[in-house]
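File shown here: input_3.txt, holding compact mmCIF, C-alpha atoms.
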# COMPACT_ATOMS: atom_id res chain seq x y z
CA MET S 345 138.03 29.13 165.88
CA ALA S 346 134.47 29.54 167.25
CA TYR S 347 132.03 29.47 164.37
CA ALA S 348 128.72 31.24 164.75
CA ASP S 349 125.46 31.25 162.84
CA ALA S 350 124.60 34.96 162.79
CA CYS S 351 120.82 34.56 162.83
CA VAL S 352 118.26 31.85 163.51
CA HIS S 353 114.54 32.24 164.23
CA PRO S 354 113.37 29.53 166.64
CA TYR S 355 109.82 28.72 167.75
CA PRO S 356 107.36 30.54 167.67
CA ALA S 357 108.75 32.41 164.63
CA GLY S 358 109.78 29.05 163.19
CA ASP S 359 108.87 25.41 163.76
CA THR S 360 111.92 24.42 165.83
CA SER S 361 112.63 25.06 169.48
CA LEU S 362 115.81 26.90 170.47
CA PRO S 363 117.40 23.86 172.22
CA ARG S 364 116.81 21.75 169.11
CA MET S 365 118.35 24.41 166.89
CA ALA S 366 121.35 24.54 169.24
CA LEU S 367 121.66 20.74 169.16
CA GLU S 368 121.55 20.76 165.37
CA ALA S 369 124.05 23.65 165.25
CA ARG S 370 126.49 21.64 167.37
CA GLU S 371 126.27 18.76 164.92
CA LEU S 372 126.82 21.18 162.06
CA GLY S 373 130.01 22.60 163.58
CA PHE S 374 128.82 25.80 165.25
CA GLU S 375 129.60 26.87 168.79
CA THR S 376 127.42 29.96 168.90
CA ILE S 377 124.08 30.88 167.39
CA VAL S 378 122.40 34.25 167.40
CA SER S 379 118.74 33.68 168.16
CA THR S 380 115.87 36.11 167.77
CA GLY S 381 113.85 34.14 170.33
CA GLY S 382 115.65 33.57 173.61
CA GLU S 383 119.16 32.97 174.86
CA GLY S 384 121.10 30.51 177.00
CA GLU S 385 123.40 27.54 176.64
CA PHE S 386 122.06 24.28 175.24
CA PHE S 387 124.06 21.11 174.51
CA GLY S 388 127.30 23.10 174.69
CA VAL S 389 126.18 25.73 172.19
CA ARG S 390 125.82 29.34 173.30
CA ALA S 391 122.65 31.02 172.08
CA VAL S 392 123.12 34.78 172.02
CA ARG S 393 120.12 37.07 172.00
CA GLY S 394 119.69 38.82 168.65
CA VAL S 395 117.45 41.77 167.90
CA VAL S 396 116.34 42.41 164.35
CA ILE S 397 115.15 45.94 163.71
CA SER S 398 113.11 46.62 160.63
CA ALA S 399 112.32 50.33 160.73
CA ARG S 400 110.67 52.55 158.13
CA THR S 401 112.44 55.75 159.18
CA PHE S 402 115.81 56.51 160.74
CA LYS S 403 114.07 57.95 163.81
CA ASP S 404 112.27 54.63 164.38
CA ALA S 405 115.57 52.80 164.00
CA VAL S 406 117.29 55.02 166.59
CA ARG S 407 114.44 54.43 169.04
CA ALA S 408 114.53 50.66 168.52
CA VAL S 409 118.33 50.48 168.89
CA ARG S 410 118.12 52.38 172.19
CA GLN S 411 115.49 49.96 173.49
CA ALA S 412 117.52 46.86 172.57
CA PRO S 413 118.96 44.83 175.49
CA ARG S 414 122.62 45.57 176.21
CA ALA S 415 124.01 42.07 175.65
CA ALA S 416 122.08 41.53 172.43
CA LEU S 417 123.49 41.54 168.92
CA VAL S 418 121.59 44.31 167.17
CA ALA S 419 120.89 43.88 163.47
CA VAL S 420 119.14 46.53 161.42
CA CYS S 421 117.55 45.81 158.05
CA ALA S 422 118.93 47.91 155.22
CA GLY S 423 116.65 50.33 153.44
CA ASP S 424 117.35 52.91 150.77
CA GLU S 425 120.76 54.52 150.26
CA GLY S 426 120.33 57.37 152.77
CA PHE S 427 118.78 55.17 155.44
CA THR S 428 121.57 52.58 155.19
CA ARG S 429 124.30 55.22 155.37
CA SER S 430 122.72 56.65 158.52
CA VAL S 431 122.16 53.26 160.13
CA VAL S 432 125.77 52.05 159.76
CA ALA S 433 126.92 55.27 161.45
CA LEU S 434 124.53 54.72 164.37
CA GLY S 435 126.17 53.59 167.63
CA GLY S 436 124.84 50.31 169.00
CA VAL S 437 124.27 48.69 165.60
CA HIS S 438 126.31 45.52 165.16
CA VAL S 439 125.02 44.10 161.89
CA LEU S 440 123.44 45.41 158.72
CA LYS S 441 120.93 42.89 157.45
CA GLY S 442 119.08 42.30 154.21
CA VAL S 443 121.39 44.09 151.77
CA HIS S 444 120.01 41.82 149.04
CA LEU S 445 116.45 43.05 149.57
CA GLY S 446 116.76 46.76 148.93
CA PRO S 447 117.37 48.68 145.71
CA LYS S 448 120.65 48.28 143.80
CA ASN S 449 122.58 51.02 145.61
CA THR S 450 121.35 50.06 149.10
CA PHE S 451 124.88 49.43 150.30
CA ASP S 452 127.26 51.69 148.45
CA HIS S 453 130.92 52.66 148.90
CA VAL S 454 130.07 55.45 151.37
CA ALA S 455 128.13 53.09 153.63
CA ALA S 456 130.92 50.51 153.20
CA ARG S 457 133.58 52.99 154.33
CA THR S 458 131.50 54.00 157.37
CA ALA S 459 130.85 50.34 158.22
CA GLY S 460 134.60 49.68 158.01
CA GLU S 461 135.39 52.61 160.32
CA ARG S 462 132.73 51.70 162.88
CA GLY S 463 133.13 47.92 162.72
CA VAL S 464 129.56 47.24 161.59
CA ALA S 465 129.24 43.84 159.93
CA VAL S 466 127.20 43.09 156.84
CA GLU S 467 125.22 39.87 157.02
CA ILE S 468 125.37 37.32 154.24
CA ASP S 469 122.00 35.63 154.42
CA LEU S 470 122.14 32.04 153.14
CA ALA S 471 118.37 31.56 153.01
CA PRO S 472 117.81 33.26 149.62
CA ILE S 473 120.75 31.36 148.08
CA ILE S 474 119.19 28.10 149.26
CA ALA S 475 115.53 28.79 148.67
CA LEU S 476 115.38 31.02 145.60
CA ARG S 477 115.72 29.86 142.03
CA GLY S 478 116.47 31.50 138.68
CA ARG S 479 116.73 35.28 138.29
CA ASP S 480 115.97 36.03 141.91
CA ARG S 481 118.91 33.95 143.10
CA GLN S 482 121.15 35.42 140.39
CA ARG S 483 120.31 38.90 141.66
CA VAL S 484 121.15 37.91 145.25
CA LEU S 485 124.47 36.35 144.21
CA ALA S 486 125.37 39.48 142.22
CA ARG S 487 124.56 41.67 145.22
CA TYR S 488 126.71 39.54 147.54
CA ALA S 489 129.57 39.64 145.02
CA ASP S 490 129.33 43.44 145.13
CA VAL S 491 129.35 43.41 148.96
CA LEU S 492 132.42 41.16 148.85
CA LEU S 493 134.18 43.60 146.52
CA LEU S 494 133.48 46.46 148.96
CA HIS S 495 134.56 44.26 151.89
CA ARG S 496 137.94 43.64 150.24
CA ARG S 497 138.37 47.38 149.66
CA TYR S 498 137.09 48.81 152.97
CA GLY S 499 137.61 45.91 155.38
CA PHE S 500 134.27 45.94 157.20
CA PRO S 501 133.44 42.61 158.84
CA LEU S 502 131.08 40.10 157.27
CA CYS S 503 128.96 37.56 159.11
CA ILE S 504 127.08 34.58 157.74
CA GLY S 505 123.60 33.70 158.94
CA SER S 506 121.33 30.87 157.86
CA ASN S 507 118.19 32.77 158.98
CA ALA S 508 116.79 29.31 159.61
CA ARG S 509 113.23 28.96 160.85
CA SER S 510 113.57 25.19 160.95
CA VAL S 511 116.28 22.57 161.41
CA LEU S 512 115.74 21.82 157.74
CA ASP S 513 117.05 25.30 156.89
CA GLN S 514 120.25 25.06 158.95
CA ARG S 515 123.45 24.36 157.07
CA SER S 516 126.86 23.14 158.24
CA VAL S 517 130.02 25.24 158.40
CA ARG S 518 131.36 23.50 155.32
CA GLU S 519 128.10 23.93 153.40
CA ALA S 520 127.96 27.62 154.36
CA ALA S 521 131.51 28.15 153.03
CA ALA S 522 130.65 26.25 149.85
CA LEU S 523 127.51 28.33 149.31
CA CYS S 524 129.56 31.51 149.81
CA SER S 525 132.05 30.31 147.20
CA LEU S 526 129.24 30.71 144.64
CA PHE S 527 129.77 34.47 144.70
CA GLY S 528 133.56 34.36 144.94
CA MET S 529 134.27 34.20 148.67
CA ASP S 530 137.40 32.19 149.38
CA ALA S 531 137.90 29.77 152.29
CA ASN S 532 139.81 32.25 154.50
CA GLU S 533 137.16 34.94 154.05
CA ALA S 534 134.42 32.42 154.82
CA ASP S 535 136.28 31.35 157.99
CA ALA S 536 136.62 34.96 159.10
CA ALA S 537 132.96 35.69 158.35
CA LEU S 538 131.78 32.60 160.24
CA SER S 539 133.80 33.54 163.30
CA SER S 540 133.11 37.28 163.38
CA VAL S 541 130.18 37.27 165.84
CA ASP S 542 132.34 37.05 168.98
CA GLY S 543 134.33 40.06 167.78
CA LEU S 544 131.11 42.02 167.20
CA LEU S 545 129.85 41.24 170.70
CA ASP S 546 133.18 42.26 172.28
CA ARG S 547 133.40 45.49 170.30
CA PRO S 548 134.52 48.52 172.35
CA GLY S 549 131.44 50.00 173.99
CA THR S 550 129.56 52.77 172.28
CA VAL S 551 128.35 55.88 174.06
CA ARG S 552 124.76 55.46 175.21
CA VAL S 553 122.57 58.48 175.79
CA ILE S 554 120.68 58.12 179.07
CA GLU S 555 117.65 60.37 179.34
CA MET H 1321 126.08 -6.07 127.04
CA ARG H 1322 129.81 -6.30 127.49
CA PRO H 1323 131.13 -3.87 130.09
CA ARG H 1324 133.68 -1.33 129.02
CA PRO H 1325 137.33 -1.95 129.85
CA LYS H 1326 138.34 -0.26 133.08
CA ALA H 1327 140.61 2.24 131.37
CA LEU H 1328 137.70 3.58 129.32
CA ARG H 1329 135.25 3.93 132.19
CA GLN H 1330 134.51 7.30 133.75
CA LYS H 1331 135.89 7.81 137.22
CA ARG H 1332 133.13 8.27 139.79
CA ARG H 1333 132.78 9.66 143.27
CA TYR H 1334 130.00 8.91 145.72
CA LEU H 1335 128.49 11.24 148.30
CA LEU H 1336 126.83 9.98 151.46
CA VAL H 1337 123.97 12.30 152.45
CA ARG H 1338 121.54 12.31 155.33
CA VAL H 1339 117.94 12.93 154.33
CA LEU H 1340 116.02 14.99 156.88
CA PRO H 1341 113.62 14.31 158.47
CA PRO H 1342 114.95 10.72 158.56
CA TRP H 1343 111.63 9.06 159.38
CA ARG H 1344 109.97 10.30 156.19
CA GLU H 1345 110.37 7.93 153.28
CA VAL H 1346 111.68 9.61 150.16
CA GLY H 1347 111.85 7.44 147.06
CA GLN H 1348 115.07 7.09 145.10
CA LYS H 1349 113.54 8.67 141.97
CA THR H 1350 111.99 11.54 143.94
CA LEU H 1351 115.36 12.24 145.50
CA TYR H 1352 117.09 12.08 142.13
CA LEU H 1353 114.63 14.58 140.64
CA ALA H 1354 115.16 16.97 143.58
CA VAL H 1355 118.98 16.78 143.29
CA ALA H 1356 118.91 17.10 139.49
CA GLU H 1357 116.62 20.14 139.71
CA ALA H 1358 118.86 21.76 142.31
CA ALA H 1359 122.03 21.12 140.27
CA THR H 1360 120.45 22.37 137.05
CA SER H 1361 119.06 25.54 138.57
CA LEU H 1362 122.35 26.33 140.32
CA PHE H 1363 124.91 25.47 137.63
CA GLY H 1364 122.90 25.29 134.41
CA ASP H 1365 122.30 22.35 132.06
CA ALA H 1366 125.88 22.07 130.80
CA ARG H 1367 127.51 21.81 134.24
CA ALA H 1368 124.69 19.59 135.56
CA ALA H 1369 125.32 17.18 132.69
CA GLU H 1370 129.03 17.23 133.54
CA ILE H 1371 128.26 16.45 137.19
CA GLY H 1372 126.02 13.55 136.13
CA ALA H 1373 124.27 13.11 139.48
CA ALA H 1374 122.46 9.82 140.13
CA VAL H 1375 121.01 8.40 143.33
CA VAL H 1376 122.35 4.85 143.67
CA PHE H 1377 121.02 4.05 147.14
CA SER H 1378 118.32 5.51 149.35
CA GLU H 1379 117.13 3.98 152.59
CA GLU H 1380 116.28 4.89 156.19
CA GLY H 1381 117.18 8.55 156.10
CA CYS H 1382 120.36 8.31 154.09
CA ALA H 1383 121.28 8.18 150.44
CA ILE H 1384 124.31 7.68 148.26
CA ILE H 1385 124.62 9.98 145.25
CA ARG H 1386 126.99 9.30 142.39
CA CYS H 1387 128.79 11.95 140.37
CA ARG H 1388 131.78 12.31 138.09
CA ARG H 1389 135.17 12.56 139.82
CA GLY H 1390 136.11 16.19 140.41
CA CYS H 1391 132.48 17.32 140.59
CA GLU H 1392 131.76 16.19 144.17
CA GLY H 1393 132.21 19.73 145.53
CA ASP H 1394 129.63 21.14 143.14
CA LEU H 1395 127.25 18.28 143.85
CA ALA H 1396 127.57 18.90 147.60
CA VAL H 1397 126.67 22.58 147.07
CA ALA H 1398 123.71 21.57 144.90
CA CYS H 1399 122.57 19.11 147.60
CA SER H 1400 122.65 21.89 150.19
CA THR H 1401 120.16 23.89 148.07
CA VAL H 1402 117.58 21.09 148.06
CA THR H 1403 114.57 22.26 150.06
CA ALA H 1404 111.91 19.79 148.97
CA ALA H 1405 111.57 16.36 147.40
CA GLY H 1406 108.28 15.42 145.80
CA GLY H 1407 106.59 18.49 147.25
CA VAL H 1408 107.58 17.60 150.80
CA ARG H 1409 110.04 19.70 152.80
CA THR H 1410 113.37 17.90 152.92
CA ALA H 1411 116.98 18.78 153.59
CA LEU H 1412 120.10 16.92 152.49
CA ARG H 1413 123.25 16.99 154.63
CA THR H 1414 126.43 15.81 152.98
CA VAL H 1415 128.36 13.57 155.36
CA ALA H 1416 131.20 12.09 153.33
CA ALA H 1417 132.59 11.54 149.86
CA SER H 1418 134.29 8.36 148.72
CA GLY H 1419 135.44 6.48 145.66
CA THR H 1420 133.41 3.36 146.49
CA ILE H 1421 129.87 2.66 147.64
CA ALA H 1422 131.17 -0.03 150.01
CA ALA H 1423 133.23 2.49 151.99
CA LEU H 1424 130.18 4.72 152.49
CA LYS H 1425 128.00 1.77 153.51
CA ARG H 1426 130.60 0.78 156.10
CA ARG H 1427 130.39 4.32 157.44
CA MET H 1428 126.62 4.03 157.73
CA ASP H 1429 126.84 0.93 159.95
CA GLY H 1430 126.92 2.77 163.26
CA TRP H 1431 124.13 5.19 162.44
CA ILE H 1432 121.03 5.32 164.56
CA HIS H 1433 117.97 5.37 162.37
CA ALA H 1434 114.50 6.63 163.19
CA VAL H 1435 112.28 4.43 165.30
CA PRO H 1436 108.55 3.93 164.64
CA PRO H 1437 106.27 6.75 165.83
CA GLU H 1438 105.05 6.86 169.41
CA GLN H 1439 102.29 8.77 171.14
CA ALA H 1440 103.61 11.60 173.28
CA LEU H 1441 101.76 13.92 175.60
CA TYR H 1442 102.50 17.61 175.07
CA GLY H 1443 100.50 19.73 177.50
CA GLU H 1444 97.05 18.18 177.24
CA LYS H 1445 97.42 17.02 173.65
CA GLU H 1446 98.45 13.53 172.64
CA LEU H 1447 100.50 13.70 169.46
CA ARG H 1448 102.51 11.39 167.23
CA ALA H 1449 106.24 11.81 167.79
CA PHE H 1450 109.38 10.37 166.24
CA ARG H 1451 112.49 9.97 168.37
CA TYR H 1452 115.96 9.62 166.93
CA GLY H 1453 119.53 10.46 167.75
CA ARG H 1454 119.99 10.94 171.48
CA HIS H 1455 117.74 13.91 172.14
CA LYS H 1456 115.75 14.66 168.99
CA VAL H 1457 111.97 14.47 168.90
CA ASP H 1458 109.89 15.45 165.87
CA VAL H 1459 106.24 15.98 166.74
CA LEU H 1460 103.51 15.79 164.12
CA GLN H 1461 100.71 18.29 164.49
CA GLU H 1462 97.57 17.42 162.60
CA GLY H 1463 95.82 20.59 161.47
CA ILE H 1464 92.46 20.94 159.74
CA LYS H 1465 94.06 21.48 156.34
CA LYS H 1466 97.58 20.17 156.63
CA GLN H 1467 100.08 18.40 158.82
CA SER H 1468 102.99 20.29 160.31
CA ILE H 1469 106.10 19.16 162.15
CA VAL H 1470 107.54 20.73 165.28
CA PHE H 1471 111.19 19.91 165.95
CA LEU H 1472 111.98 19.59 169.66
CA THR H 1473 114.36 17.90 172.07
CA ASP H 1474 113.41 15.30 174.65
CA CYS H 1475 113.71 17.82 177.49
CA GLU H 1476 110.81 19.94 176.24
CA ARG H 1477 107.46 18.78 177.47
CA GLU H 1478 105.39 21.92 177.69
CA GLU H 1479 102.43 22.81 175.50
CA ILE H 1480 103.29 23.44 171.86
Just dump the structure as structure tokens.
Amino acid sequence: MAYADACVHPYPAGDTSLPRMALEARELGFETIVSTGGEGEFFGVRAVRGVVISARTFKDAVRAVRQAPRAALVAVCAGDEGFTRSVVALGGVHVLKGVHLGPKNTFDHVAARTAGERGVAVEIDLAPIIALRGRDRQRVLARYADVLLLHRRYGFPLCIGSNARSVLDQRSVREAAALCSLFGMDANEADAALSSVDGLLDRPGTVRVIE
Amino acid sequence: MRPRPKALRQKRRYLLVRVLPPWREVGQKTLYLAVAEAATSLFGDARAAEIGAAVVFSEEGCAIIRCRRGCEGDLAVACSTVTAAGGVRTALRTVAASGTIAALKRRMDGWIHAVPPEQALYGEKELRAFRYGRHKVDVLQEGIKKQSIVFLTDCEREEI
């Protein structure tokens, strides 16, 4: 099973070069990383280009998704309820990011059903579980537990990303699964989530509007 | 003090962890405080007391952490949430768990530890760099206010 880290931010967004992140990822048990800064193959690890879209309005999101490179994994940051519902229905979006950042009903059952139908994955970001403390972390864990409940009901894919900006933020496959167990994810679900990126990249093509 | 009979002693497990970056010296007490803080904030006081984490060995980028038998999984999760030790950015990577310290020390025998810093030329700048592993190079950048580290591989030589 090819495990993938769904999002890393190498230099200049972080303090680690992409080859070093790939080298570290290999030691940690990953075969693929999705990088927001560059692509290629380093030390036997495939770095896939990732595009993170953080748009204020749905119109901006549509424009940004259209401009994204074809081979890239497109992730859109969640917003309010209406925005998220629209984004998961948008062709060309692979991943919904940052569900822990928005208001409580950011990702509801309607968005979950649409994500399940369209094969849009929801990203489990490990960075807040690692870095936050106290109430903030409790809130994130509760949100992920809610996402997991919806995942079990509607069957949309999950992916796990470290969102590392440094080698010090990267975590191994086993550590990622253990961190996910904090909000009730079992080993099989963690395995599936860690290996979902290839499936997202090979998803049947969406219709692209050419102007 | 007379030691307790073996049957009355608590069963222990030991975790071998790598301390990153390996060239930075982290004291045993500093490491213990970081692990204890991480365990307490993640599992609460009651579970942290049950885990009973203690750093029994810390040297050259690796450490051995003791816990109660059955709690090694929780301790490994707590270790993965450590982001700093003594105010310095640090990461702990769990490598192995064992019932004896000797077994973990045997495992450490083949490890390559960090070498002393060397001067490396990046672009036009001469910077202090630490090489370890086969390809890893950590470059220290001295700023006006603080020092920062850039993590690279030995095949990158362009300007940072």
Near S:Ala522, counting only C-alpha atoms, which residues have an atom at most 10 Å away, once you skip same-chain residues fewer than 3 positions from it, shown as a PDB file with C-alpha atoms, in the frame of the given file?
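Written output follows (part21.pdb):
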ATOM      1  CA  SER S 516     126.860  23.140 158.240  1.00  0.00           C
ATOM      2  CA  VAL S 517     130.020  25.240 158.400  1.00  0.00           C
ATOM      3  CA  ARG S 518     131.360  23.500 155.320  1.00  0.00           C
ATOM      4  CA  GLU S 519     128.100  23.930 153.400  1.00  0.00           C
ATOM      5  CA  SER S 525     132.050  30.310 147.200  1.00  0.00           C
ATOM      6  CA  LEU S 526     129.240  30.710 144.640  1.00  0.00           C
ATOM      7  CA  PHE S 527     129.770  34.470 144.700  1.00  0.00           C
ATOM      8  CA  GLY S 528     133.560  34.360 144.940  1.00  0.00           C
ATOM      9  CA  MET S 529     134.270  34.200 148.670  1.00  0.00           C
ATOM     10  CA  ASP S 530     137.400  32.190 149.380  1.00  0.00           C
ATOM     11  CA  ALA S 531     137.900  29.770 152.290  1.00  0.00           C
ATOM     12  CA  ALA S 534     134.420  32.420 154.820  1.00  0.00           C
TER      13      ALA S 534
ATOM     14  CA  GLY H1393     132.210  19.730 145.530  1.00  0.00           C
ATOM     15  CA  ASP H1394     129.630  21.140 143.140  1.00  0.00           C
ATOM     16  CA  ALA H1396     127.570  18.900 147.600  1.00  0.00           C
ATOM     17  CA  VAL H1397     126.670  22.580 147.070  1.00  0.00           C
ATOM     18  CA  ALA H1398     123.710  21.570 144.900  1.00  0.00           C
ATOM     19  CA  SER H1400     122.650  21.890 150.190  1.00  0.00           C
TER      20      SER H1400
END
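For the residues H:Val1337, H:Leu1328, H:Ala1411, H:Ile1421, ranking by smallest atom-to-atom distance to chain S using only C-alpha atoms places H:Ala1411 first.
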Point to revise | Interatomic distance (Å, one decimal) between atom CA of H:Leu1395 and atom CA of H:Ala1368 | key: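 These two atoms are separated by 8.8 Å.
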**Study point:** Test item: chain H residues at most 12 Å from chain S, counting only C-alpha atoms, as a VMD selection string
**Key:** chain H and resid 1338 to 1342 1357 to 1364 1392 to 1404 1408 to 1416 1453 to 1461 1468 to 1478 1480
Point to revise | For atom CA of S:Ile397 and atom CA of S:Ile504, the interatomic separation in Å (one decimal) | key: 17.5 Å
Exercise for review: Might you pull out every residue within 9 Å of H:Gln1348, with all atoms listed in the file counted and same-chain residues fewer than 4 positions away left off, and present them as a PyMOL selection string?
Suggested key: chain H and resi 1352-1353+1375-1379+1383
Check your understanding: At what distance in Å, to one decimal, does atom CA of S:Ser379 lie from atom CA of S:Asn507?
Key ->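 For atom CA of S:Asn507 relative to atom CA of S:Ser379, the distance reads 9.2 Å.
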Check your understanding: Which residues, written as a list of chain:residue names, have at least one atom at most 12 Å from S:Gly543, with only C-alpha atoms counted and residues fewer than 3 positions away on the same chain left out?
Key -> S:Met345, S:Ala346, S:Tyr347, S:Ala348, S:Leu417, S:His438, S:Val439, S:Gly463, S:Val464, S:Ala465, S:Pro501, S:Leu502, S:Cys503, S:Ala536, S:Ala537, S:Leu538, S:Ser539, S:Ser540, S:Asp546, S:Arg547, S:Pro548
Take the residues just selected and output them with C-alpha atoms as a JSON list (two decimals), keeping the file's coordinate frame.
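Result file is out.json:
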[["chain", "number", "residue", "atom", "x", "y", "z"],
["S", 345, "MET", "CA", 138.03, 29.13, 165.88],
["S", 346, "ALA", "CA", 134.47, 29.54, 167.25],
["S", 347, "TYR", "CA", 132.03, 29.47, 164.37],
["S", 348, "ALA", "CA", 128.72, 31.24, 164.75],
["S", 417, "LEU", "CA", 123.49, 41.54, 168.92],
["S", 438, "HIS", "CA", 126.31, 45.52, 165.16],
["S", 439, "VAL", "CA", 125.02, 44.10, 161.89],
["S", 463, "GLY", "CA", 133.13, 47.92, 162.72],
["S", 464, "VAL", "CA", 129.56, 47.24, 161.59],
["S", 465, "ALA", "CA", 129.24, 43.84, 159.93],
["S", 501, "PRO", "CA", 133.44, 42.61, 158.84],
["S", 502, "LEU", "CA", 131.08, 40.10, 157.27],
["S", 503, "CYS", "CA", 128.96, 37.56, 159.11],
["S", 536, "ALA", "CA", 136.62, 34.96, 159.10],
["S", 537, "ALA", "CA", 132.96, 35.69, 158.35],
["S", 538, "LEU", "CA", 131.78, 32.60, 160.24],
["S", 539, "SER", "CA", 133.80, 33.54, 163.30],
["S", 540, "SER", "CA", 133.11, 37.28, 163.38],
["S", 546, "ASP", "CA", 133.18, 42.26, 172.28],
["S", 547, "ARG", "CA", 133.40, 45.49, 170.30],
["S", 548, "PRO", "CA", 134.52, 48.52, 172.35]]
Practice item. May I ask which of the residues H:Arg1329, H:Gln1439, H:Arg1322, H:Leu1351 is the closest one to H:Gly1407, counting all atoms listed in the file? Key: H:Leu1351
Written record: stretch 411-428 of chain S, N, CA and C atoms, as a PDB file, in the first residue's frame:
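In the end it all went to selection.pdb:
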ATOM      1  N   GLN S 411      -7.706  27.620 -12.983  1.00  0.00           N
ATOM      2  CA  GLN S 411      -6.312  27.984 -13.288  1.00  0.00           C
ATOM      3  C   GLN S 411      -5.300  26.956 -12.778  1.00  0.00           C
ATOM      4  N   ALA S 412      -5.747  26.022 -11.959  1.00  0.00           N
ATOM      5  CA  ALA S 412      -4.820  25.041 -11.367  1.00  0.00           C
ATOM      6  C   ALA S 412      -4.250  24.121 -12.445  1.00  0.00           C
ATOM      7  N   PRO S 413      -2.967  23.728 -12.330  1.00  0.00           N
ATOM      8  CA  PRO S 413      -2.396  22.789 -13.308  1.00  0.00           C
ATOM      9  C   PRO S 413      -3.150  21.467 -13.310  1.00  0.00           C
ATOM     10  N   ARG S 414      -3.151  20.813 -14.455  1.00  0.00           N
ATOM     11  CA  ARG S 414      -3.982  19.607 -14.633  1.00  0.00           C
ATOM     12  C   ARG S 414      -3.565  18.446 -13.726  1.00  0.00           C
ATOM     13  N   ALA S 415      -2.249  18.259 -13.579  1.00  0.00           N
ATOM     14  CA  ALA S 415      -1.785  17.090 -12.809  1.00  0.00           C
ATOM     15  C   ALA S 415      -1.768  17.341 -11.305  1.00  0.00           C
ATOM     16  N   ALA S 416      -2.142  18.542 -10.904  1.00  0.00           N
ATOM     17  CA  ALA S 416      -2.020  18.890  -9.482  1.00  0.00           C
ATOM     18  C   ALA S 416      -3.200  18.369  -8.667  1.00  0.00           C
ATOM     19  N   LEU S 417      -2.932  18.158  -7.395  1.00  0.00           N
ATOM     20  CA  LEU S 417      -3.997  17.803  -6.455  1.00  0.00           C
ATOM     21  C   LEU S 417      -4.547  19.128  -5.914  1.00  0.00           C
ATOM     22  N   VAL S 418      -5.809  19.377  -6.190  1.00  0.00           N
ATOM     23  CA  VAL S 418      -6.388  20.677  -5.834  1.00  0.00           C
ATOM     24  C   VAL S 418      -7.125  20.566  -4.496  1.00  0.00           C
ATOM     25  N   ALA S 419      -6.704  21.381  -3.557  1.00  0.00           N
ATOM     26  CA  ALA S 419      -7.354  21.399  -2.235  1.00  0.00           C
ATOM     27  C   ALA S 419      -7.937  22.789  -2.014  1.00  0.00           C
ATOM     28  N   VAL S 420      -9.172  22.827  -1.582  1.00  0.00           N
ATOM     29  CA  VAL S 420      -9.820  24.115  -1.314  1.00  0.00           C
ATOM     30  C   VAL S 420     -10.132  24.202   0.173  1.00  0.00           C
ATOM     31  N   CYS S 421      -9.815  25.348   0.759  1.00  0.00           N
ATOM     32  CA  CYS S 421     -10.082  25.540   2.190  1.00  0.00           C
ATOM     33  C   CYS S 421     -11.579  25.738   2.407  1.00  0.00           C
ATOM     34  N   ALA S 422     -12.096  25.081   3.426  1.00  0.00           N
ATOM     35  CA  ALA S 422     -13.520  25.184   3.742  1.00  0.00           C
ATOM     36  C   ALA S 422     -13.832  26.582   4.270  1.00  0.00           C
ATOM     37  N   GLY S 423     -15.056  26.984   4.052  1.00  0.00           N
ATOM     38  CA  GLY S 423     -15.499  28.286   4.572  1.00  0.00           C
ATOM     39  C   GLY S 423     -16.768  28.088   5.372  1.00  0.00           C
ATOM     40  N   ASP S 424     -17.765  28.943   5.135  1.00  0.00           N
ATOM     41  CA  ASP S 424     -19.026  28.728   5.849  1.00  0.00           C
ATOM     42  C   ASP S 424     -19.819  27.597   5.167  1.00  0.00           C
ATOM     43  N   GLU S 425     -20.967  27.301   5.734  1.00  0.00           N
ATOM     44  CA  GLU S 425     -21.776  26.157   5.299  1.00  0.00           C
ATOM     45  C   GLU S 425     -22.060  26.171   3.785  1.00  0.00           C
ATOM     46  N   GLY S 426     -22.560  27.299   3.292  1.00  0.00           N
ATOM     47  CA  GLY S 426     -22.948  27.424   1.887  1.00  0.00           C
ATOM     48  C   GLY S 426     -21.758  27.297   0.958  1.00  0.00           C
ATOM     49  N   PHE S 427     -20.670  27.947   1.345  1.00  0.00           N
ATOM     50  CA  PHE S 427     -19.444  27.909   0.539  1.00  0.00           C
ATOM     51  C   PHE S 427     -18.927  26.471   0.431  1.00  0.00           C
ATOM     52  N   THR S 428     -18.889  25.777   1.562  1.00  0.00           N
ATOM     53  CA  THR S 428     -18.359  24.404   1.567  1.00  0.00           C
ATOM     54  C   THR S 428     -19.234  23.476   0.719  1.00  0.00           C
TER      55      THR S 428
END
